[in-house]
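Chemist: Dropping in coords-v4.txt, which is compact mmCIF, C-alpha atoms:
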# COMPACT_ATOMS: atom_id res chain seq x y z
CA MET D 6 14.00 -60.23 -14.69
CA ARG D 7 13.48 -59.92 -18.42
CA ARG D 8 11.06 -57.11 -19.42
CA LEU D 9 8.38 -57.86 -21.99
CA PRO D 10 7.16 -55.31 -24.56
CA LEU D 11 3.80 -53.74 -23.68
CA HIS D 12 2.03 -55.40 -26.58
CA ARG D 13 3.00 -58.84 -25.16
CA LEU D 14 1.31 -58.08 -21.77
CA GLY D 15 -2.22 -57.67 -23.03
CA PRO D 16 -4.56 -54.63 -23.01
CA LEU D 17 -5.50 -54.68 -19.30
CA ALA D 18 -1.90 -54.87 -18.14
CA THR D 19 -0.96 -52.06 -20.51
CA VAL D 20 -3.70 -49.80 -19.09
CA ALA D 21 -2.58 -50.55 -15.52
CA ILE D 22 1.04 -49.69 -16.27
CA VAL D 23 0.14 -46.42 -18.04
CA ALA D 24 -2.19 -45.42 -15.18
CA ALA D 25 0.50 -46.14 -12.59
CA ALA D 26 3.01 -44.06 -14.53
CA THR D 27 0.53 -41.18 -14.74
CA LEU D 28 -0.15 -41.28 -11.00
CA GLY D 29 3.55 -41.39 -10.29
CA THR D 30 4.16 -38.32 -12.41
CA ALA D 31 1.35 -36.44 -10.66
CA ALA D 32 2.71 -37.34 -7.25
CA ALA D 33 6.18 -36.20 -8.20
CA CYS D 34 4.78 -32.83 -9.31
CA GLY D 35 2.93 -32.30 -6.03
CA SER D 36 -0.78 -32.03 -5.36
CA GLY D 37 -0.95 -28.31 -4.51
CA ASP D 38 -1.75 -25.58 -7.02
CA ASP D 39 0.98 -23.24 -5.77
CA GLY D 40 3.70 -23.15 -8.40
CA ALA D 41 6.40 -22.26 -5.88
CA SER D 42 5.72 -25.37 -3.79
CA ALA D 43 5.46 -27.52 -6.93
CA GLY D 44 8.93 -26.54 -8.09
CA LYS D 45 7.72 -24.23 -10.85
CA PRO D 46 8.88 -20.62 -10.85
CA VAL D 47 6.28 -18.11 -9.66
CA THR D 48 6.49 -14.39 -10.35
CA LEU D 49 5.13 -12.03 -7.71
CA ARG D 50 4.57 -8.49 -9.03
CA LEU D 51 4.58 -6.06 -6.13
CA GLY D 52 3.71 -2.35 -6.21
CA TYR D 53 4.60 0.44 -3.79
CA PHE D 54 5.32 4.19 -3.70
CA PRO D 55 8.86 5.58 -3.50
CA ASN D 56 8.16 7.63 -0.38
CA ILE D 57 8.63 7.35 3.35
CA THR D 58 5.06 6.25 4.10
CA HIS D 59 5.90 2.99 2.32
CA ALA D 60 9.01 2.40 4.41
CA PRO D 61 8.31 -1.31 5.14
CA ALA D 62 7.91 -1.99 1.40
CA ILE D 63 11.07 -0.09 0.48
CA VAL D 64 13.14 -1.70 3.22
CA GLY D 65 11.72 -5.12 2.40
CA VAL D 66 12.89 -4.74 -1.20
CA GLU D 67 16.17 -2.90 -0.59
CA LYS D 68 17.43 -5.11 2.24
CA GLY D 69 16.40 -8.35 0.52
CA ILE D 70 13.91 -9.25 3.25
CA PHE D 71 11.08 -10.08 0.84
CA ALA D 72 13.39 -12.11 -1.39
CA GLU D 73 14.60 -14.13 1.59
CA LYS D 74 11.11 -14.85 2.88
CA LEU D 75 9.71 -15.65 -0.56
CA GLY D 76 12.50 -18.10 -1.30
CA ALA D 77 14.29 -19.17 -4.46
CA GLY D 78 11.11 -20.46 -6.11
CA VAL D 79 9.60 -16.97 -6.38
CA LYS D 80 10.79 -14.17 -8.63
CA LEU D 81 9.96 -10.75 -7.17
CA GLU D 82 9.18 -8.00 -9.68
CA THR D 83 8.50 -4.49 -8.37
CA LYS D 84 6.81 -1.42 -9.79
CA THR D 85 6.42 2.01 -8.22
CA PHE D 86 3.39 4.32 -8.36
CA ASN D 87 2.55 7.89 -7.40
CA ALA D 88 -0.91 7.26 -5.95
CA GLY D 89 -3.32 4.45 -5.10
CA PRO D 90 -5.87 4.67 -7.93
CA GLU D 91 -3.12 3.99 -10.48
CA ALA D 92 -1.97 0.94 -8.52
CA VAL D 93 -5.54 -0.35 -8.30
CA GLU D 94 -5.90 -0.14 -12.07
CA ALA D 95 -2.74 -2.23 -12.36
CA ILE D 96 -4.32 -4.85 -10.07
CA PHE D 97 -7.48 -4.85 -12.18
CA SER D 98 -5.56 -5.19 -15.44
CA GLY D 99 -3.52 -8.10 -14.09
CA ALA D 100 -0.26 -6.15 -14.16
CA LEU D 101 0.14 -6.43 -10.36
CA ASP D 102 -0.44 -9.22 -7.86
CA ALA D 103 -0.03 -7.18 -4.67
CA THR D 104 0.55 -3.57 -3.73
CA TYR D 105 0.97 -1.15 -0.87
CA ILE D 106 -1.72 1.56 -1.08
CA GLY D 107 -3.89 3.83 1.04
CA PRO D 108 -7.35 3.05 2.42
CA ASN D 109 -9.56 4.94 -0.02
CA PRO D 110 -8.18 3.29 -3.18
CA THR D 111 -8.49 -0.01 -1.33
CA VAL D 112 -12.17 0.63 -0.71
CA ASN D 113 -12.68 1.70 -4.32
CA ALA D 114 -11.08 -1.52 -5.55
CA HIS D 115 -13.35 -3.53 -3.25
CA SER D 116 -16.40 -1.58 -4.39
CA LYS D 117 -15.75 -1.64 -8.15
CA SER D 118 -15.15 -5.38 -8.08
CA LYS D 119 -18.16 -6.07 -5.85
CA GLY D 120 -15.85 -7.41 -3.16
CA GLU D 121 -14.09 -9.85 -5.46
CA ALA D 122 -10.76 -8.30 -6.53
CA VAL D 123 -8.60 -7.65 -3.47
CA ARG D 124 -7.95 -8.53 0.16
CA VAL D 125 -6.16 -6.50 2.82
CA VAL D 126 -3.56 -8.83 4.32
CA SER D 127 -1.58 -6.41 6.50
CA GLY D 128 -1.14 -2.84 7.58
CA ALA D 129 2.10 -0.91 7.05
CA ALA D 130 1.98 2.69 8.26
CA SER D 131 -0.07 5.27 10.15
CA GLY D 132 0.21 9.06 10.29
CA GLY D 133 2.65 11.24 8.36
CA VAL D 134 0.07 13.47 6.65
CA ALA D 135 -0.57 17.21 6.99
CA LEU D 136 -1.96 20.29 5.30
CA VAL D 137 0.91 22.71 4.66
CA VAL D 138 0.06 26.25 3.55
CA LYS D 139 1.60 29.62 2.83
CA PRO D 140 2.51 31.35 6.11
CA GLU D 141 -0.05 34.13 5.62
CA ILE D 142 -2.88 31.58 5.83
CA THR D 143 -3.64 31.30 9.52
CA SER D 144 -7.11 29.70 9.61
CA VAL D 145 -9.47 27.56 7.60
CA GLU D 146 -11.32 30.70 6.47
CA GLY D 147 -8.07 31.88 4.92
CA LEU D 148 -8.32 28.98 2.47
CA ARG D 149 -11.36 30.44 0.73
CA GLY D 150 -10.50 31.04 -2.92
CA LYS D 151 -7.13 29.31 -2.57
CA LYS D 152 -5.65 26.35 -4.48
CA ILE D 153 -4.75 23.26 -2.47
CA ALA D 154 -2.96 20.28 -4.03
CA THR D 155 -3.58 16.58 -3.34
CA PRO D 156 -1.78 13.58 -4.87
CA GLN D 157 -4.70 12.37 -7.01
CA LEU D 158 -8.47 12.75 -7.26
CA GLY D 159 -10.06 10.18 -4.96
CA ASN D 160 -6.88 9.18 -3.18
CA THR D 161 -6.72 9.09 0.62
CA GLN D 162 -5.40 12.62 1.11
CA ASP D 163 -7.81 14.00 -1.49
CA VAL D 164 -10.74 12.60 0.48
CA ALA D 165 -9.32 13.84 3.78
CA VAL D 166 -8.97 17.47 2.75
CA ARG D 167 -12.37 17.60 1.05
CA TYR D 168 -14.09 16.14 4.10
CA TRP D 169 -12.24 18.44 6.51
CA LEU D 170 -13.21 21.48 4.44
CA LYS D 171 -16.81 20.28 4.28
CA GLU D 172 -16.87 19.98 8.07
CA LYS D 173 -15.60 23.56 8.26
CA GLY D 174 -18.34 24.81 5.93
CA LEU D 175 -16.29 25.18 2.74
CA THR D 176 -17.22 23.52 -0.55
CA THR D 177 -15.15 21.70 -3.17
CA THR D 178 -15.93 20.02 -6.49
CA LYS D 179 -14.31 17.24 -8.47
CA GLU D 180 -13.61 19.75 -11.23
CA GLY D 181 -11.65 22.08 -8.94
CA GLY D 182 -14.42 24.55 -8.20
CA GLY D 183 -16.15 25.58 -4.99
CA ASP D 184 -14.90 27.69 -2.10
CA VAL D 185 -11.51 25.98 -2.18
CA ASN D 186 -9.95 24.79 -5.44
CA ILE D 187 -8.55 21.26 -5.06
CA VAL D 188 -5.77 20.60 -7.59
CA PRO D 189 -4.78 16.93 -7.90
CA GLN D 190 -1.16 16.64 -9.05
CA ALA D 191 1.79 14.30 -8.72
CA ASN D 192 3.58 14.69 -5.40
CA SER D 193 6.82 15.24 -7.28
CA GLN D 194 5.38 18.48 -8.73
CA THR D 195 4.04 19.92 -5.50
CA LEU D 196 7.22 21.51 -4.16
CA GLU D 197 7.79 23.37 -7.44
CA THR D 198 4.19 24.56 -7.74
CA PHE D 199 4.21 25.67 -4.09
CA ARG D 200 7.40 27.66 -4.56
CA SER D 201 6.10 29.25 -7.77
CA GLY D 202 2.81 30.27 -6.16
CA ALA D 203 0.72 28.10 -8.49
CA ILE D 204 -0.77 26.50 -5.35
CA ASP D 205 -1.28 27.91 -1.86
CA GLY D 206 -0.82 24.66 0.01
CA ALA D 207 -1.11 20.88 -0.14
CA TRP D 208 -2.58 18.02 1.88
CA VAL D 209 0.16 15.44 1.35
CA PRO D 210 2.08 12.61 3.01
CA GLU D 211 5.68 12.71 4.13
CA PRO D 212 8.32 13.52 2.99
CA PHE D 213 6.45 16.13 0.99
CA VAL D 214 5.12 17.69 4.20
CA SER D 215 8.66 18.34 5.39
CA GLN D 216 9.75 19.56 1.96
CA LEU D 217 6.99 22.17 1.92
CA VAL D 218 7.75 23.25 5.48
CA ASN D 219 11.41 23.68 4.55
CA ALA D 220 10.31 25.76 1.56
CA GLY D 221 8.62 28.27 3.87
CA GLY D 222 5.25 26.63 4.44
CA LYS D 223 3.62 25.91 7.78
CA VAL D 224 1.48 23.05 9.01
CA LEU D 225 -2.11 24.22 9.35
CA VAL D 226 -3.49 20.74 10.06
CA ASP D 227 -1.66 17.64 11.29
CA GLU D 228 -4.03 14.85 10.32
CA ARG D 229 -3.14 12.87 13.43
CA ASP D 230 -5.08 15.47 15.41
CA LEU D 231 -8.27 14.48 13.59
CA TRP D 232 -8.22 10.79 14.61
CA PRO D 233 -8.76 9.00 17.95
CA GLY D 234 -5.38 8.37 19.51
CA GLY D 235 -3.74 9.94 16.48
CA LYS D 236 -3.93 6.63 14.63
CA PHE D 237 -5.21 6.23 11.09
CA VAL D 238 -4.07 3.93 8.32
CA ILE D 239 -2.16 5.55 5.50
CA THR D 240 -0.68 2.41 3.93
CA ASN D 241 -1.96 -1.16 3.73
CA LEU D 242 -0.72 -4.24 1.90
CA ILE D 243 -3.36 -5.71 -0.40
CA VAL D 244 -3.25 -8.72 -2.69
CA SER D 245 -5.24 -9.83 -5.69
CA THR D 246 -7.75 -12.49 -4.64
CA LYS D 247 -6.90 -14.41 -7.81
CA PHE D 248 -3.24 -14.55 -6.82
CA LEU D 249 -4.15 -15.38 -3.23
CA LYS D 250 -6.21 -18.37 -4.36
CA GLU D 251 -3.59 -19.59 -6.83
CA HIS D 252 -0.50 -19.03 -4.65
CA PRO D 253 -1.45 -18.95 -0.96
CA ASP D 254 2.05 -19.99 0.16
CA VAL D 255 3.59 -17.07 -1.74
CA VAL D 256 1.19 -14.63 -0.05
CA LYS D 257 1.91 -16.21 3.32
CA ASN D 258 5.63 -15.63 2.82
CA LEU D 259 5.06 -12.10 1.50
CA VAL D 260 3.17 -11.23 4.69
CA ALA D 261 5.95 -12.78 6.75
CA GLY D 262 8.29 -10.50 4.83
CA GLN D 263 6.14 -7.48 5.68
CA VAL D 264 6.28 -8.34 9.39
CA ALA D 265 10.06 -8.83 9.22
CA ALA D 266 10.54 -5.59 7.27
CA ASN D 267 8.39 -3.70 9.75
CA ASP D 268 10.47 -5.07 12.62
CA PHE D 269 13.63 -3.91 10.85
CA VAL D 270 12.18 -0.42 10.34
CA ASN D 271 11.25 -0.09 14.00
CA GLN D 272 14.30 -1.74 15.53
CA LYS D 273 16.96 -0.27 13.23
CA PRO D 274 15.64 3.17 12.24
CA ASP D 275 19.03 4.55 11.18
CA GLU D 276 19.69 1.65 8.82
CA ALA D 277 16.11 1.79 7.56
CA GLN D 278 16.37 5.52 6.82
CA GLN D 279 19.59 5.01 4.88
CA ALA D 280 18.01 2.15 2.93
CA ILE D 281 15.04 4.36 2.05
CA SER D 282 17.32 7.15 0.84
CA ASP D 283 19.38 4.76 -1.26
CA HIS D 284 16.40 2.95 -2.75
CA ILE D 285 14.54 6.10 -3.72
CA GLY D 286 17.75 7.20 -5.43
CA LYS D 287 17.73 4.00 -7.48
CA VAL D 288 14.07 4.45 -8.43
CA THR D 289 14.01 8.19 -9.16
CA GLY D 290 17.65 8.92 -9.93
CA LYS D 291 18.04 11.14 -6.87
CA PRO D 292 18.44 9.85 -3.30
CA LEU D 293 16.04 11.33 -0.78
CA ASP D 294 17.89 13.64 1.61
CA LEU D 295 18.64 11.67 4.74
CA LYS D 296 18.07 14.78 6.88
CA LEU D 297 14.61 15.09 5.37
CA ILE D 298 13.80 11.47 6.21
CA LYS D 299 14.91 12.00 9.81
CA GLN D 300 12.82 15.17 9.99
CA ALA D 301 9.70 13.33 8.83
CA TRP D 302 10.25 10.09 10.76
CA PRO D 303 8.64 11.11 14.11
CA THR D 304 5.29 11.84 12.43
CA LEU D 305 4.92 8.22 11.30
CA GLU D 306 4.14 4.95 13.03
CA PHE D 307 5.00 1.74 11.20
CA THR D 308 2.55 -0.96 12.19
CA ASP D 309 1.29 -4.29 10.85
CA ASP D 310 -2.19 -3.43 12.14
CA PRO D 311 -4.34 -2.24 9.19
CA ILE D 312 -6.41 -0.10 11.63
CA ALA D 313 -9.66 -1.21 10.03
CA SER D 314 -11.80 1.27 11.97
CA SER D 315 -10.09 4.22 10.28
CA LEU D 316 -10.62 2.69 6.85
CA LYS D 317 -14.35 2.47 7.56
CA THR D 318 -14.38 6.09 8.72
CA GLY D 319 -12.46 7.13 5.62
CA LEU D 320 -15.11 5.40 3.51
CA ASP D 321 -17.81 7.38 5.31
CA HIS D 322 -15.87 10.57 4.53
CA ALA D 323 -15.55 9.67 0.83
CA VAL D 324 -19.31 9.07 0.67
CA ALA D 325 -19.95 12.39 2.39
CA VAL D 326 -17.95 14.35 -0.21
CA GLY D 327 -19.47 12.50 -3.16
CA LEU D 328 -16.41 10.57 -4.27
CA THR D 329 -17.89 7.11 -3.77
CA GLU D 330 -21.07 5.25 -2.92
CA PRO D 331 -21.70 3.35 0.35
CA VAL D 332 -19.85 0.04 0.29
CA ASP D 333 -20.26 -3.20 2.24
CA LEU D 334 -16.76 -3.97 3.50
CA ALA D 335 -17.54 -7.59 4.41
CA GLY D 336 -14.78 -9.89 3.22
CA LEU D 337 -12.22 -7.15 2.55
CA TYR D 338 -9.81 -8.31 5.25
CA ASP D 339 -7.95 -11.61 5.36
CA LEU D 340 -5.53 -11.42 8.29
CA THR D 341 -4.91 -15.16 8.60
CA TYR D 342 -1.30 -15.05 7.44
CA LEU D 343 -0.60 -11.83 9.31
CA ASN D 344 -1.66 -13.31 12.61
CA GLU D 345 0.29 -16.50 11.89
CA ALA D 346 3.41 -14.41 11.29
CA LEU D 347 2.84 -12.24 14.36
CA LYS D 348 2.24 -15.28 16.55
CA ALA D 349 5.41 -16.92 15.26
CA GLU D 350 7.35 -13.80 16.28
CA GLY D 351 5.71 -13.67 19.72
CA GLN D 352 3.81 -10.49 18.84
CA THR D 353 0.21 -9.56 19.57
CA GLU D 354 -2.24 -10.73 16.94
CA VAL D 355 -4.58 -8.27 15.23
CA PRO D 356 -8.28 -8.89 15.90
CA LEU D 357 -10.44 -9.36 12.85
CA PRO D 358 -12.53 -6.26 12.04
Let me see whether you can do it: turn the structure in this file into structure tokens.
Modeler:
Amino acid sequence: MRRLPLHRLGPLATVAIVAAATLGTAAACGSGDDGASAGKPVTLRLGYFPNITHAPAIVGVEKGIFAEKLGAGVKLETKTFNAGPEAVEAIFSGALDATYIGPNPTVNAHSKSKGEAVRVVSGAASGGVALVVKPEITSVEGLRGKKIATPQLGNTQDVAVRYWLKEKGLTTTKEGGGDVNIVPQANSQTLETFRSGAIDGAWVPEPFVSQLVNAGGKVLVDERDLWPGGKFVITNLIVSTKFLKEHPDVVKNLVAGQVAANDFVNQKPDEAQQAISDHIGKVTGKPLDLKLIKQAWPTLEFTDDPIASSLKTGLDHAVAVGLTEPVDLAGLYDLTYLNEALKAEGQTEVPLP
């Protein structure tokens, strides 16, 4: 059939043809707002710490589990941090879309944004934290006048040691004063400052606990002993609510990747430990001693459950030591995709907090 020029068809016919073409183009592009599903490349910027308490994150990246679950339409970019508050600032600035962090920075992010900025979508790890001190310190009273390091002011371990000391009748201040001087410093510095005598101990996560013990320190407090059943969240996976709204399918696949990575960590511990050693070597320039990883491993439990009750208790502790104000945690958790992934794998779903 011979085609006529548009101007020969009349104005109404022209409008109809243009409208049909527009609708056809829209349909071809897809109706969803998720770039990955619409064929457009999506970048997911994921943060985590290069230490053993972030094992599911490290294994997920190193073994290609996240990349596989996210698919070819998503570009995964990663960035490592030393402590949670720094990662939260990256979320706020738009430099990160998701990150693995501890409970107290999670609460602070929720509080500062009035419940708008982040959602907890999965757990990752429990345990693996202790107070290691010089061997001559045999009791809490022996800490009076001493210097104790934590990873960062206001981070999860910083809150834990301040609250524990408060419960024992010893004071601390944000400025490092009080009965016990709290010295926030990067975990990477703690072994050196402990050996030099600049600090008398540290409340830190693994593998720094094991490093300090191997340097002559002793565990004065295993934090597992302070929690019911020895379970408390040390690492959660959180996402930016903006990214969650714009790319729900990407978040769904990221959570599926977390579940798969966690399964790998628990089912293939030897391979996971080697992957952690190798990956930390790539990030820091020096592989983490495999013997050290194996030494620390039994103190940790890798779980998809975010253990919401311990996060609430941690918030109460932070309020008690003056590091935050009371916060309404309503809306912080979105475990929809986690429970979908667990159900698909025949695993027990996590009840909503």
Chemist: Env of segment 298-304 of chain D: 9 Å cut, atoms = all atoms listed in the file, seq-sep filter 5 positions within chain, self excluded. Answer as a PyMOL selection string.
Modeler: chain D and resi 57+131-134+211-215+229+274-275+278-279+281-282+293
Chemist: Smallest atom-to-atom distance to Ala165 of chain D: which of D:Ala135, D:Val145, D:Val123, D:Leu259, using only C-alpha atoms?
Modeler: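 Closest residue, counting only C-alpha atoms: D:Ala135.
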Chemist: Within 12 Å of Gly221 of chain D, counting all atoms listed in the file, which residues show up once you throw out same-chain ones fewer than 2 positions away? Write them as JSON, numbers by chain, please.
Modeler: {"D": [137, 138, 139, 140, 141, 196, 199, 200, 201, 202, 205, 206, 214, 215, 216, 217, 218, 219, 223, 224]}
Chemist: Which of these, D:Ala88, D:Ala265, D:Leu101, D:Leu295, has the shortest distance to Gln162 of chain D once you count all atoms listed in the file?
Modeler: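 Smallest distance to Gln162 of chain D is found for D:Ala88.
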Chemist: Quote the spacing between atom CA of Leu75 of chain D and atom CA of Ala103 of chain D in Å to one decimal place.
Modeler: 13.5 Å
Chemist: Save segment 215-231 of chain D from what I just supplied, as a PDB file, in the first residue's frame, atoms limited to N, CA, C and O atoms.
Modeler:
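Resulting contents of selection_35.pdb:
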ATOM      1  N   SER D 215      41.591 -10.302  68.316  1.00  0.00           N
ATOM      2  CA  SER D 215      42.607 -11.354  68.263  1.00  0.00           C
ATOM      3  C   SER D 215      44.004 -10.779  68.102  1.00  0.00           C
ATOM      4  O   SER D 215      44.974 -11.300  68.671  1.00  0.00           O
ATOM      5  N   GLN D 216      44.136  -9.704  67.346  1.00  0.00           N
ATOM      6  CA  GLN D 216      45.446  -9.063  67.190  1.00  0.00           C
ATOM      7  C   GLN D 216      45.972  -8.566  68.532  1.00  0.00           C
ATOM      8  O   GLN D 216      47.154  -8.750  68.853  1.00  0.00           O
ATOM      9  N   LEU D 217      45.105  -7.943  69.313  1.00  0.00           N
ATOM     10  CA  LEU D 217      45.525  -7.415  70.612  1.00  0.00           C
ATOM     11  C   LEU D 217      45.855  -8.537  71.584  1.00  0.00           C
ATOM     12  O   LEU D 217      46.803  -8.437  72.375  1.00  0.00           O
ATOM     13  N   VAL D 218      45.081  -9.616  71.536  1.00  0.00           N
ATOM     14  CA  VAL D 218      45.370 -10.773  72.386  1.00  0.00           C
ATOM     15  C   VAL D 218      46.733 -11.365  72.024  1.00  0.00           C
ATOM     16  O   VAL D 218      47.549 -11.685  72.896  1.00  0.00           O
ATOM     17  N   ASN D 219      47.011 -11.472  70.747  1.00  0.00           N
ATOM     18  CA  ASN D 219      48.288 -12.007  70.294  1.00  0.00           C
ATOM     19  C   ASN D 219      49.456 -11.085  70.626  1.00  0.00           C
ATOM     20  O   ASN D 219      50.612 -11.525  70.669  1.00  0.00           O
ATOM     21  N   ALA D 220      49.146  -9.811  70.871  1.00  0.00           N
ATOM     22  CA  ALA D 220      50.180  -8.844  71.242  1.00  0.00           C
ATOM     23  C   ALA D 220      50.387  -8.784  72.754  1.00  0.00           C
ATOM     24  O   ALA D 220      51.099  -7.905  73.243  1.00  0.00           O
ATOM     25  N   GLY D 221      49.754  -9.699  73.484  1.00  0.00           N
ATOM     26  CA  GLY D 221      49.955  -9.757  74.927  1.00  0.00           C
ATOM     27  C   GLY D 221      48.785  -9.296  75.756  1.00  0.00           C
ATOM     28  O   GLY D 221      48.838  -9.318  76.992  1.00  0.00           O
ATOM     29  N   GLY D 222      47.701  -8.862  75.094  1.00  0.00           N
ATOM     30  CA  GLY D 222      46.529  -8.426  75.838  1.00  0.00           C
ATOM     31  C   GLY D 222      45.672  -9.595  76.289  1.00  0.00           C
ATOM     32  O   GLY D 222      45.894 -10.742  75.898  1.00  0.00           O
ATOM     33  N   LYS D 223      44.677  -9.292  77.100  1.00  0.00           N
ATOM     34  CA  LYS D 223      43.740 -10.329  77.543  1.00  0.00           C
ATOM     35  C   LYS D 223      42.322  -9.780  77.469  1.00  0.00           C
ATOM     36  O   LYS D 223      42.089  -8.568  77.608  1.00  0.00           O
ATOM     37  N   VAL D 224      41.384 -10.664  77.229  1.00  0.00           N
ATOM     38  CA  VAL D 224      39.984 -10.261  77.135  1.00  0.00           C
ATOM     39  C   VAL D 224      39.429 -10.057  78.541  1.00  0.00           C
ATOM     40  O   VAL D 224      39.358 -11.003  79.325  1.00  0.00           O
ATOM     41  N   LEU D 225      39.052  -8.820  78.846  1.00  0.00           N
ATOM     42  CA  LEU D 225      38.418  -8.530  80.124  1.00  0.00           C
ATOM     43  C   LEU D 225      36.904  -8.691  80.022  1.00  0.00           C
ATOM     44  O   LEU D 225      36.251  -9.146  80.962  1.00  0.00           O
ATOM     45  N   VAL D 226      36.353  -8.331  78.866  1.00  0.00           N
ATOM     46  CA  VAL D 226      34.907  -8.463  78.634  1.00  0.00           C
ATOM     47  C   VAL D 226      34.660  -8.989  77.225  1.00  0.00           C
ATOM     48  O   VAL D 226      35.118  -8.384  76.249  1.00  0.00           O
ATOM     49  N   ASP D 227      33.974 -10.114  77.115  1.00  0.00           N
ATOM     50  CA  ASP D 227      33.461 -10.594  75.838  1.00  0.00           C
ATOM     51  C   ASP D 227      32.029 -10.085  75.760  1.00  0.00           C
ATOM     52  O   ASP D 227      31.181 -10.432  76.584  1.00  0.00           O
ATOM     53  N   GLU D 228      31.759  -9.224  74.770  1.00  0.00           N
ATOM     54  CA  GLU D 228      30.451  -8.562  74.740  1.00  0.00           C
ATOM     55  C   GLU D 228      29.286  -9.542  74.622  1.00  0.00           C
ATOM     56  O   GLU D 228      28.167  -9.226  75.025  1.00  0.00           O
ATOM     57  N   ARG D 229      29.534 -10.722  74.112  1.00  0.00           N
ATOM     58  CA  ARG D 229      28.456 -11.712  74.037  1.00  0.00           C
ATOM     59  C   ARG D 229      27.889 -12.024  75.415  1.00  0.00           C
ATOM     60  O   ARG D 229      26.699 -12.359  75.548  1.00  0.00           O
ATOM     61  N   ASP D 230      28.721 -11.912  76.433  1.00  0.00           N
ATOM     62  CA  ASP D 230      28.270 -12.211  77.796  1.00  0.00           C
ATOM     63  C   ASP D 230      27.294 -11.177  78.342  1.00  0.00           C
ATOM     64  O   ASP D 230      26.659 -11.398  79.380  1.00  0.00           O
ATOM     65  N   LEU D 231      27.170 -10.049  77.645  1.00  0.00           N
ATOM     66  CA  LEU D 231      26.309  -8.963  78.125  1.00  0.00           C
ATOM     67  C   LEU D 231      24.921  -8.975  77.475  1.00  0.00           C
ATOM     68  O   LEU D 231      24.082  -8.140  77.809  1.00  0.00           O
TER      69      LEU D 231
END
